[in-house]
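Shown next: target-v6.cif, given as mmCIF, C-alpha atoms (C1' of nucleotides).
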```cif
data_entry
loop_
_atom_site.label_atom_id
_atom_site.label_comp_id
_atom_site.auth_asym_id
_atom_site.auth_seq_id
_atom_site.Cartn_x
_atom_site.Cartn_y
_atom_site.Cartn_z
CA MET A 1 -8.55 -32.10 15.25
CA THR A 2 -5.44 -30.53 13.79
CA LYS A 3 -4.41 -32.62 10.85
CA ALA A 4 -0.81 -33.84 10.82
CA ARG A 5 1.17 -32.27 7.97
CA GLU A 6 4.54 -33.09 6.51
CA PRO A 7 7.25 -31.05 8.16
CA GLY A 8 9.29 -28.99 5.75
CA THR A 9 6.15 -27.85 3.97
CA ALA A 10 5.95 -25.03 6.45
CA ARG A 11 5.31 -22.45 3.75
CA PRO A 12 1.57 -22.37 3.33
CA ALA A 13 1.06 -22.35 7.09
CA ASP A 14 -1.17 -25.03 8.48
CA ARG A 15 -4.27 -23.94 6.72
CA PRO A 16 -7.13 -26.40 6.31
CA ALA A 17 -8.69 -27.07 2.96
CA THR A 18 -10.52 -24.38 1.03
CA ALA A 19 -13.95 -25.00 -0.44
CA ALA A 20 -13.79 -26.31 -4.00
CA ARG A 21 -16.07 -23.54 -5.16
CA LEU A 22 -13.61 -20.95 -3.97
CA ARG A 23 -10.59 -22.72 -5.37
CA ASN A 24 -12.18 -22.93 -8.78
CA LEU A 25 -13.50 -19.39 -8.99
CA ARG A 26 -11.38 -17.59 -11.53
CA THR A 27 -12.49 -14.15 -10.57
CA ARG A 28 -11.30 -15.02 -7.08
CA LEU A 29 -7.94 -16.22 -8.33
CA LEU A 30 -7.55 -12.92 -10.10
CA SER A 31 -8.41 -10.94 -6.97
CA LEU A 32 -6.05 -12.95 -4.79
CA ALA A 33 -3.16 -12.68 -7.21
CA ALA A 34 -3.67 -8.93 -7.46
CA ILE A 35 -3.81 -8.53 -3.70
CA GLN A 36 -0.54 -10.41 -3.28
CA SER A 37 1.06 -8.46 -6.08
CA ASP A 38 -0.12 -5.13 -4.70
CA ARG A 39 1.23 -6.04 -1.30
CA LEU A 40 4.68 -6.69 -2.71
CA VAL A 41 4.56 -3.52 -4.79
CA ASN A 42 3.57 -1.41 -1.83
CA GLN A 43 6.32 -2.90 0.28
CA LYS A 44 8.81 -1.67 -2.30
CA LEU A 45 7.27 1.75 -2.73
CA VAL A 46 7.04 2.50 0.96
CA GLN A 47 10.84 2.38 1.07
CA VAL A 48 10.92 5.69 -0.77
CA ASP A 49 7.72 7.06 0.74
CA ALA A 50 5.76 6.55 -2.47
CA ARG A 51 2.55 4.89 -3.55
CA LYS A 52 1.33 3.42 -6.80
CA ARG A 53 -0.43 6.56 -7.87
CA HIS A 54 2.66 8.62 -7.37
CA TYR A 55 4.39 6.51 -9.92
CA ALA A 56 1.53 6.89 -12.37
CA ILE A 57 1.74 10.68 -12.14
CA ILE A 58 5.52 10.94 -12.19
CA ALA A 59 5.88 8.55 -15.11
CA THR A 60 3.21 10.39 -17.08
CA LEU A 61 4.77 13.79 -16.50
CA TYR A 62 8.17 12.40 -17.40
CA GLU A 63 6.97 10.98 -20.69
CA PHE A 64 4.58 13.73 -21.75
CA GLY A 65 5.90 16.86 -20.06
CA PRO A 66 3.88 19.30 -17.91
CA GLU A 67 0.15 18.72 -17.96
CA SER A 68 -3.03 19.91 -16.32
CA GLN A 69 -4.68 17.82 -13.62
CA GLU A 70 -7.49 17.03 -16.00
CA GLU A 71 -5.05 15.65 -18.56
CA LEU A 72 -3.44 13.54 -15.86
CA VAL A 73 -6.86 12.23 -14.93
CA SER A 74 -7.45 11.12 -18.50
CA ARG A 75 -4.07 9.50 -18.91
CA THR A 76 -3.83 7.68 -15.62
CA GLY A 77 -7.44 6.79 -14.85
CA ILE A 78 -7.04 8.26 -11.38
CA HIS A 79 -10.27 9.88 -10.32
CA ARG A 80 -10.69 13.64 -10.38
CA SER A 81 -11.37 13.93 -6.71
CA GLU A 82 -8.29 11.88 -5.87
CA MET A 83 -6.02 13.80 -8.20
CA VAL A 84 -6.09 16.81 -5.90
CA THR A 85 -4.80 14.75 -2.99
CA VAL A 86 -2.16 12.92 -5.01
CA ILE A 87 -0.77 16.14 -6.44
CA ASP A 88 -0.76 17.60 -2.93
CA GLU A 89 1.27 14.65 -1.69
CA LEU A 90 3.73 14.86 -4.56
CA ALA A 91 4.11 18.62 -4.14
CA ASP A 92 4.73 18.16 -0.41
CA ARG A 93 7.51 15.74 -1.25
CA GLY A 94 9.02 18.16 -3.78
CA MET A 95 8.41 15.84 -6.73
CA VAL A 96 6.15 18.16 -8.69
CA GLU A 97 5.21 21.82 -8.80
CA ARG A 98 1.65 23.04 -9.18
CA SER A 99 1.21 26.45 -10.78
CA PRO A 100 -1.76 28.18 -12.36
CA ASN A 101 -1.90 28.20 -16.14
CA PRO A 102 -1.81 31.86 -17.23
CA ALA A 103 -3.41 30.93 -20.56
CA ASN A 104 -6.39 29.27 -18.85
CA ARG A 105 -6.85 30.26 -15.28
CA ARG A 106 -9.11 27.34 -14.54
CA GLN A 107 -6.22 24.97 -14.99
CA ASN A 108 -3.13 24.14 -13.00
CA VAL A 109 0.05 23.13 -14.72
CA ILE A 110 1.81 20.26 -13.00
CA THR A 111 5.54 20.11 -13.62
CA LEU A 112 8.00 17.41 -12.67
CA THR A 113 10.94 18.66 -10.60
CA GLN A 114 14.54 17.45 -10.75
CA GLN A 115 13.87 15.50 -7.60
CA GLY A 116 10.84 13.99 -9.27
CA ARG A 117 13.02 12.79 -12.12
CA ARG A 118 15.45 11.19 -9.72
CA GLN A 119 12.55 9.59 -7.90
CA LEU A 120 11.31 8.08 -11.14
CA LEU A 121 14.57 6.19 -11.60
CA LYS A 122 14.31 4.76 -8.09
CA LEU A 123 10.71 3.80 -8.65
CA ASP A 124 11.53 2.12 -11.94
CA LYS A 125 14.04 -0.08 -10.19
CA LEU A 126 11.83 -0.90 -7.24
CA LEU A 127 8.89 -1.77 -9.44
CA ALA A 128 11.04 -3.95 -11.65
CA GLN A 129 12.11 -5.80 -8.53
CA ALA A 130 8.54 -6.15 -7.37
CA GLU A 131 7.42 -7.45 -10.74
CA ASP A 132 10.21 -9.96 -10.67
CA GLU A 133 9.25 -11.20 -7.23
CA VAL A 134 5.59 -11.38 -8.13
CA LEU A 135 6.25 -13.38 -11.28
CA ALA A 136 9.06 -15.41 -9.74
CA PRO A 137 7.40 -18.82 -10.13
CA LEU A 138 6.77 -18.27 -13.86
CA THR A 139 9.12 -18.81 -16.76
CA PRO A 140 9.81 -15.88 -19.10
CA SER A 141 7.39 -17.23 -21.69
CA GLU A 142 4.73 -17.80 -19.05
CA ARG A 143 5.19 -14.22 -17.94
CA GLU A 144 4.64 -13.07 -21.49
CA GLN A 145 1.52 -15.19 -21.78
CA LEU A 146 0.12 -13.87 -18.55
CA ALA A 147 0.81 -10.28 -19.54
CA ARG A 148 -0.83 -10.83 -22.90
CA LEU A 149 -3.96 -12.41 -21.43
CA LEU A 150 -4.29 -9.71 -18.82
CA ALA A 151 -3.83 -7.02 -21.45
CA VAL A 152 -6.64 -8.52 -23.46
CA LEU A 153 -8.92 -8.38 -20.44
CA VAL A 154 -7.97 -4.85 -19.49
CA HIS A 155 -8.40 -3.67 -23.04
CA HIS A 156 -11.75 -5.37 -23.45
CA HIS A 157 -13.30 -3.93 -20.34
CA GLY A 158 -12.15 -0.47 -19.56
CA MET B 1 -6.66 20.68 -28.21
CA THR B 2 -9.09 17.78 -28.32
CA LYS B 3 -7.87 15.31 -30.88
CA ALA B 4 -10.34 14.25 -33.55
CA ARG B 5 -11.27 10.58 -33.26
CA GLU B 6 -13.22 8.26 -35.47
CA PRO B 7 -16.87 8.24 -34.55
CA GLY B 8 -18.22 4.83 -33.74
CA THR B 9 -15.20 4.01 -31.62
CA ALA B 10 -17.03 5.44 -28.68
CA ARG B 11 -16.14 2.51 -26.42
CA PRO B 12 -12.82 3.41 -24.88
CA ALA B 13 -13.96 7.01 -24.33
CA ASP B 14 -11.70 9.67 -25.71
CA ARG B 15 -8.78 8.91 -23.51
CA PRO B 16 -5.34 10.13 -24.51
CA ALA B 17 -2.32 7.87 -24.53
CA THR B 18 -1.02 6.25 -21.36
CA ALA B 19 2.64 6.40 -20.44
CA ALA B 20 4.60 3.44 -21.81
CA ARG B 21 5.90 2.66 -18.34
CA LEU B 22 2.39 2.21 -17.09
CA ARG B 23 1.25 0.19 -20.05
CA ASN B 24 4.13 -2.22 -19.64
CA LEU B 25 3.94 -2.67 -15.89
CA ARG B 26 2.69 -6.18 -15.30
CA THR B 27 1.82 -5.66 -11.69
CA ARG B 28 -0.36 -2.81 -12.89
CA LEU B 29 -2.05 -4.95 -15.51
CA LEU B 30 -2.85 -7.42 -12.80
CA SER B 31 -4.33 -4.76 -10.55
CA LEU B 32 -6.42 -3.26 -13.33
CA ALA B 33 -7.77 -6.60 -14.45
CA ALA B 34 -8.70 -7.49 -10.88
CA ILE B 35 -10.43 -4.15 -10.35
CA GLN B 36 -12.52 -4.62 -13.47
CA SER B 37 -13.31 -8.19 -12.53
CA ASP B 38 -14.28 -7.24 -8.99
CA ARG B 39 -16.51 -4.52 -10.30
CA LEU B 40 -18.43 -6.97 -12.47
CA VAL B 41 -18.62 -9.51 -9.66
CA ASN B 42 -19.95 -6.94 -7.22
CA GLN B 43 -22.54 -5.78 -9.72
CA LYS B 44 -23.87 -9.30 -9.80
CA LEU B 45 -23.75 -9.87 -6.08
CA VAL B 46 -25.49 -6.63 -5.20
CA GLN B 47 -28.58 -7.97 -6.98
CA VAL B 48 -29.10 -10.39 -4.12
CA ASP B 49 -27.69 -8.10 -1.44
CA ALA B 50 -24.49 -10.13 -1.12
CA ARG B 51 -20.78 -9.50 -1.21
CA LYS B 52 -17.78 -11.59 -2.11
CA ARG B 53 -17.09 -12.57 1.46
CA HIS B 54 -20.61 -13.76 1.95
CA TYR B 55 -20.07 -16.26 -0.80
CA ALA B 56 -16.83 -17.44 0.75
CA ILE B 57 -18.54 -18.14 4.05
CA ILE B 58 -21.68 -19.69 2.61
CA ALA B 59 -19.76 -21.92 0.22
CA THR B 60 -17.44 -23.07 3.00
CA LEU B 61 -20.28 -23.89 5.37
CA TYR B 62 -22.08 -25.70 2.59
CA GLU B 63 -19.12 -27.90 1.76
CA PHE B 64 -17.78 -28.53 5.25
CA GLY B 65 -20.79 -28.20 7.53
CA PRO B 66 -21.05 -26.01 10.65
CA GLU B 67 -17.79 -24.49 11.78
CA SER B 68 -16.42 -22.06 14.32
CA GLN B 69 -15.46 -18.57 13.25
CA GLU B 70 -11.82 -19.46 13.70
CA GLU B 71 -12.14 -22.38 11.31
CA LEU B 72 -13.81 -20.10 8.80
CA VAL B 73 -10.94 -17.69 9.16
CA SER B 74 -8.46 -20.43 8.33
CA ARG B 75 -10.39 -21.72 5.36
CA THR B 76 -11.32 -18.46 3.73
CA GLY B 77 -8.40 -16.21 4.55
CA ILE B 78 -10.80 -13.57 5.78
CA HIS B 79 -9.26 -11.73 8.67
CA ARG B 80 -10.34 -12.46 12.24
CA SER B 81 -11.49 -8.96 12.94
CA GLU B 82 -13.59 -8.94 9.79
CA MET B 83 -15.17 -12.30 10.40
CA VAL B 84 -17.32 -10.88 13.19
CA THR B 85 -18.85 -8.31 10.88
CA VAL B 86 -19.37 -10.72 8.01
CA ILE B 87 -21.13 -13.25 10.22
CA ASP B 88 -23.24 -10.42 11.62
CA GLU B 89 -24.29 -9.45 8.12
CA LEU B 90 -25.11 -13.01 7.15
CA ALA B 91 -27.05 -13.59 10.35
CA ASP B 92 -29.00 -10.37 9.78
CA ARG B 93 -29.97 -11.67 6.35
CA GLY B 94 -31.00 -15.03 7.78
CA MET B 95 -28.33 -16.95 5.88
CA VAL B 96 -26.52 -18.36 8.92
CA GLU B 97 -27.12 -18.88 12.59
CA ARG B 98 -24.54 -18.11 15.24
CA SER B 99 -24.83 -20.11 18.44
CA PRO B 100 -22.40 -20.78 21.25
CA ASN B 101 -20.67 -24.12 21.22
CA PRO B 102 -21.69 -25.94 24.43
CA ALA B 103 -18.60 -28.14 24.20
CA ASN B 104 -16.28 -25.11 24.10
CA ARG B 105 -17.87 -21.94 25.27
CA ARG B 106 -15.20 -19.78 23.69
CA GLN B 107 -16.41 -20.77 20.29
CA ASN B 108 -19.44 -19.97 18.23
CA VAL B 109 -20.87 -22.51 15.87
CA ILE B 110 -21.93 -21.01 12.58
CA THR B 111 -24.62 -22.98 10.78
CA LEU B 112 -25.99 -22.49 7.29
CA THR B 113 -29.76 -22.02 7.18
CA GLN B 114 -32.13 -23.27 4.50
CA GLN B 115 -32.26 -19.77 3.15
CA GLY B 116 -28.47 -19.77 3.09
CA ARG B 117 -28.52 -22.92 0.97
CA ARG B 118 -30.92 -21.36 -1.48
CA GLN B 119 -28.76 -18.24 -1.59
CA LEU B 120 -25.74 -20.35 -2.48
CA LEU B 121 -27.44 -21.60 -5.63
CA LYS B 122 -28.22 -18.05 -6.68
CA LEU B 123 -24.70 -16.94 -5.96
CA ASP B 124 -23.25 -19.84 -7.93
CA LYS B 125 -25.20 -18.76 -10.98
CA LEU B 126 -24.42 -15.08 -10.62
CA LEU B 127 -20.73 -15.73 -10.16
CA ALA B 128 -20.63 -18.04 -13.15
CA GLN B 129 -22.17 -15.25 -15.19
CA ALA B 130 -19.66 -12.75 -13.85
CA GLU B 131 -16.76 -15.06 -14.62
CA ASP B 132 -18.04 -15.50 -18.11
CA GLU B 133 -18.32 -11.79 -18.69
CA VAL B 134 -14.90 -11.12 -17.24
CA LEU B 135 -13.26 -13.76 -19.42
CA ALA B 136 -15.42 -13.02 -22.45
CA PRO B 137 -12.58 -11.96 -24.76
CA LEU B 138 -10.61 -15.16 -24.10
CA THR B 139 -10.99 -18.53 -25.74
CA PRO B 140 -11.64 -21.57 -23.52
CA SER B 141 -8.02 -22.63 -23.71
CA GLU B 142 -6.82 -19.13 -22.93
CA ARG B 143 -9.09 -19.11 -19.90
CA GLU B 144 -7.50 -22.33 -18.76
CA GLN B 145 -4.04 -20.90 -19.26
CA LEU B 146 -4.87 -17.77 -17.33
CA ALA B 147 -6.38 -19.76 -14.47
CA ARG B 148 -3.33 -21.98 -14.36
CA LEU B 149 -0.85 -19.11 -14.31
CA LEU B 150 -2.80 -17.24 -11.65
CA ALA B 151 -3.05 -20.38 -9.54
CA VAL B 152 0.71 -20.75 -9.69
CA LEU B 153 1.14 -17.19 -8.45
CA VAL B 154 -1.43 -17.52 -5.70
CA HIS B 155 0.05 -20.79 -4.55
CA HIS B 156 3.59 -19.45 -4.58
CA HIS B 157 2.92 -16.41 -2.51
CA GLY B 158 0.36 -17.17 -0.09
"C1'" DC C 1 -0.74 -18.46 34.06
"C1'" DT C 2 -1.04 -19.37 29.00
"C1'" DG C 3 -3.29 -19.73 24.86
"C1'" DA C 4 -7.45 -19.78 22.00
"C1'" DT C 5 -11.52 -17.38 20.57
"C1'" DA C 6 -14.40 -13.67 19.65
"C1'" DT C 7 -15.16 -8.82 19.72
"C1'" DC C 8 -14.17 -4.02 19.11
"C1'" DA C 9 -11.94 0.40 17.87
"C1'" DG C 10 -9.26 2.26 14.61
"C1'" DC C 11 -6.10 2.89 10.43
"C1'" DA C 12 -4.74 3.08 5.37
"C1'" DT C 13 -5.64 2.47 0.61
"C1'" DA C 14 -8.68 2.61 -2.94
"C1'" DA C 15 -12.53 3.73 -5.87
"C1'" DC C 16 -16.22 6.53 -6.03
"C1'" DT C 17 -20.37 10.26 -5.55
"C1'" DG C 18 -22.05 14.68 -5.20
"C1'" DA C 19 -21.72 19.52 -4.23
"C1'" DC C 20 -19.51 23.77 -5.08
"C1'" DA C 21 -16.59 27.82 -6.74
"C1'" DT C 22 -14.23 29.76 -10.45
"C1'" DC C 23 -13.41 30.83 -14.89
"C1'" DG C 24 -13.95 30.62 -20.40
"C1'" DC D 1 -26.35 30.39 -19.00
"C1'" DC D 2 -23.41 26.40 -20.00
"C1'" DG D 3 -19.41 23.65 -19.53
"C1'" DA D 4 -14.63 22.73 -17.94
"C1'" DT D 5 -11.59 22.52 -14.06
"C1'" DG D 6 -10.24 22.07 -9.59
"C1'" DT D 7 -11.50 21.44 -4.71
"C1'" DC D 8 -13.81 19.45 -0.84
"C1'" DA D 9 -16.78 16.50 2.09
"C1'" DG D 10 -18.24 12.17 2.60
"C1'" DT D 11 -19.15 7.01 1.48
"C1'" DT D 12 -17.98 2.19 0.70
"C1'" DA D 13 -15.04 -1.90 0.48
"C1'" DT D 14 -11.04 -4.02 1.87
"C1'" DG D 15 -7.06 -5.58 4.35
"C1'" DC D 16 -4.85 -4.91 8.44
"C1'" DT D 17 -3.16 -3.80 13.75
"C1'" DG D 18 -3.76 -3.81 18.41
"C1'" DA D 19 -6.41 -4.04 22.72
"C1'" DT D 20 -9.67 -6.46 25.53
"C1'" DA D 21 -12.90 -9.91 27.58
"C1'" DT D 22 -13.93 -14.60 28.17
"C1'" DC D 23 -13.06 -19.18 28.72
"C1'" DA D 24 -10.17 -23.99 28.42
#
```

Could I get this file's structure written as structure tokens?
Amino acid sequence: MTKAREPGTARPADRPATAARLRNLRTRLLSLAAIQSDRLVNQKLVQVDARKRHYAIIATLYEFGPESQEELVSRTGIHRSEMVTVIDELADRGMVERSPNPANRRQNVITLTQQGRRQLLKLDKLLAQAEDEVLAPLTPSEREQLARLLAVLVHHHG
Amino acid sequence: MTKAREPGTARPADRPATAARLRNLRTRLLSLAAIQSDRLVNQKLVQVDARKRHYAIIATLYEFGPESQEELVSRTGIHRSEMVTVIDELADRGMVERSPNPANRRQNVITLTQQGRRQLLKLDKLLAQAEDEVLAPLTPSEREQLARLLAVLVHHHG
DNA sequence: CTGATATCAGCATAACTGACATCG
DNA sequence: CCGATGTCAGTTATGCTGATATCA
């Protein structure tokens, strides 16, 4: 029943063949690659008690200065209803401060703290490592190609 | 406050700039592309009350014949604890039959029904459409390149 | 007893919907 | 009254862990 397999090829476990339809489905390839990539990214981020969205917020505040939650929604693509939670989490960790905007009392102003700035540097490094591990089997020019093709897709939809 | 923008460019909404760090993160590009792709795929599948995993199971049974749940787990990568639910859903829809294996009463034998076979043909078409829409902005050779690069990643991790 | 198989309860992330209160 | 903003409750899909029952 269990097919014999060359020893030394222990990497891909002893998984039997996948249906051709699945192997050839490009949308599936894309999903699988993203899942693997996300897994590696999250493994890095958990080391500093962060998640992907935290990085999106911190990086945005760092580059654009204090902003309202609504502005952060527009810039990051994070949904309105999630923004509340994410800002809560970041405020709990001392990375940002949330204060009402005196000029427009509907809005909050979210400000990056010193600790948030330090966190950004850590996150930059961890994410660079993750990217490197994810793209490890590709040459530099292949990485560029992949990034370009993905950017075209993301820009086209979206 | 709200920047003026050329009318007619209504497509990408009126979204302000994204932080450079986010734009350049390749792991993020990969995630975003996969999310968009999955969204299109699910829009297609929902038309016939199916989901991605249903296709994985149906295609596998079609190509390999009746199998136990454990074999399906190995071939599709779907987790053990999810397989129960997915098979339930497919059985409810009349796409597969689950019967105990008399030769090994620990196992169930999952068999594709006639309706399941017909469903596969529909799913094949819908997924081909989805793939085409997802990859629409790419030339045929770019699509090949992308598929190749993604396959390298998926094979490397994995 | 051990290991394989299926089942079940539950968790975390993620993306999303809809309702609501407040304020301009 | 209308619209913008923030908040909250709840839903769905997905990937995963761990416990348990059954049987070889």

Residues selected by the PyMOL selection byres ((chain D and resi 1-16) around 6), written as a list of chain:residue names:
A:Arg106, A:Gln107, D:DT17

Write the residues you've just listed into a file as a PDB file, in the frame of the given file, and include C-alpha atoms (C1' of nucleotides) for each of them.
```
ATOM      1  CA  ARG A 106      -9.110  27.340 -14.540  1.00  0.00           C
ATOM      2  CA  GLN A 107      -6.220  24.970 -14.990  1.00  0.00           C
TER       3      GLN A 107
ATOM      4  C1'  DT D  17      -3.160  -3.800  13.750  1.00  0.00           C
TER       5       DT D  17
END
```

Just so the selection is clear, what residues does the PyMOL selection byres ((chain A) within 8 of (chain C)) cover here, as a PyMOL selection string?
chain A and resi 79+104-106

I'd like the contact shell of His157 (chain B) - 9 Å cut-off, only C-alpha atoms (C1' of nucleotides), skipping same-chain residues fewer than 6 positions apart - returned as number ranges by chain.
A: 12, 33, 36-37, 134

Write out as a compact mmCIF listing (two decimals) with C-alpha atoms, in the coordinates of the input each polymer residue whose atoms come within 8 Å of region 131-133 of chain A, counting all atoms listed in the file; drop sequence neighbours fewer than 6 positions from it.
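Wrote it out as out_28.txt, contents follow:
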```txt
# COMPACT_ATOMS: atom_id res chain seq x y z
CA SER A 37 1.06 -8.46 -6.08
CA LEU A 40 4.68 -6.69 -2.71
CA VAL A 41 4.56 -3.52 -4.79
CA LEU B 25 3.94 -2.67 -15.89
CA ARG B 26 2.69 -6.18 -15.30
CA THR B 27 1.82 -5.66 -11.69
```

Please enumerate the residues selected by the PyMOL selection byres ((chain A) within 9 of (chain D)) when evaluated against the supplied file, formatted as a list of chain:residue names.
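Listing what the PyMOL selection byres ((chain A) within 9 of (chain D)) selects in the shown file: A:Gln69, A:Glu70, A:Arg80, A:Ser81, A:Val84, A:Arg106, A:Gln107, A:Asn108.
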